[in-house]
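Q: I have a structure I would like to understand better, so I am pasting it below and will then ask my questions one at a time.
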Amino acid sequence: MMDDLAATAARDRVLGSLDRLDASRRRAEHTSIGASGKRTSVTEALLARLSASARATPELRAFASQVAVGNTTWDRIEVDADPVPPEVSELRSDPHVDWPTNWPLHADEEPYRIPWQ
């Protein structure tokens, strides 16, 4: 009799654990990882924040220092950076990131400047 009660209690604990495991699995399957459809636009401010992060590559930090002294601008990162920081290709390949279409892609492209600048 005592063995039957112990076995029943053990079986109930196992079945309860399986139910909790199944509920956790269902929650995990319906959890969205990553962006929830929200797209991120690359801006000069975003690139500046990335370059200031602890995980920024040396190439991105070097380009940020060139921007800081006024030798270039963030919109020319693909043209003036040598080498181009790996963050650029990562951002360009991310389907949730919009890269600005008006940023120059070639060395001879200059952004429009107001004459008194």
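Naming works like this for the structure tokens: A, B, ... for the chains as they're shown, residue 1 at the start of each chain, ligands 1 onward in shown order.
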Quick one: residues within 10 Å of Pro85 in chain A, only C-alpha atoms counted, chain neighbours fewer than 3 positions away excluded, as a list in words?
A: Ala56, Thr57, Pro58, Glu59, Leu60, Arg61, Ala62, Phe63, Ile77, Glu78, Ala81, Asp82, Val88, Ser89 and Glu90 of chain A
Q: Can you list every residue in chain A that DSSP puts in helix (DSSP H, G or I), as a count of residues only?
A: 63
Q: Considering only strand (DSSP E or B) as DSSP defines it on the backbone, what residues of range 6-115 of chain A qualify? List them as a list in words.
A: Thr40, Ser41, Val97 and Asp98 of chain A
Q: One number please: CA of Thr101 in chain A to CA of Arg55 in chain A, in Å, one decimal.
A: 26.2 Å
Q: To one decimal place, how far is CA of Ser51 in chain A from CA of Arg92 in chain A in Å?
A: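 Straight-line distance from CA of Ser51 in chain A to CA of Arg92 in chain A works out to 16.2 Å.
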Q: If I take CA of His96 in chain A and CA of Lys38 in chain A, how far is one from the other in Å, to one decimal?
A: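 That distance, rounded to one decimal, is 7.1 Å.
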Q: Name all residues at most 7 Å from Arg76 in chain A (count only C-alpha atoms; drop same-chain ones fewer than 3 positions away) and give them as a PyMOL selection string.
A: chain A and resi 72-73+79-80+103-104
Q: Tell me, as a list in words, which residues lie within 9 Å of Ala45 in chain A, counting only C-alpha atoms; anything in the same chain fewer than 4 positions away does not count.
A: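 Final neighbour list, sorted by chain and number: Arg49, Leu50 and Trp74 of chain A.
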Q: Which residue out of A:Gly16, A:Pro86, A:Pro95, A:Gly70 has the minimum interatomic distance to Arg39 in chain A when only C-alpha atoms are used?
A: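 Ranking A:Gly16, A:Pro86, A:Pro95, A:Gly70 by distance to Arg39 in chain A, first place goes to A:Pro95.
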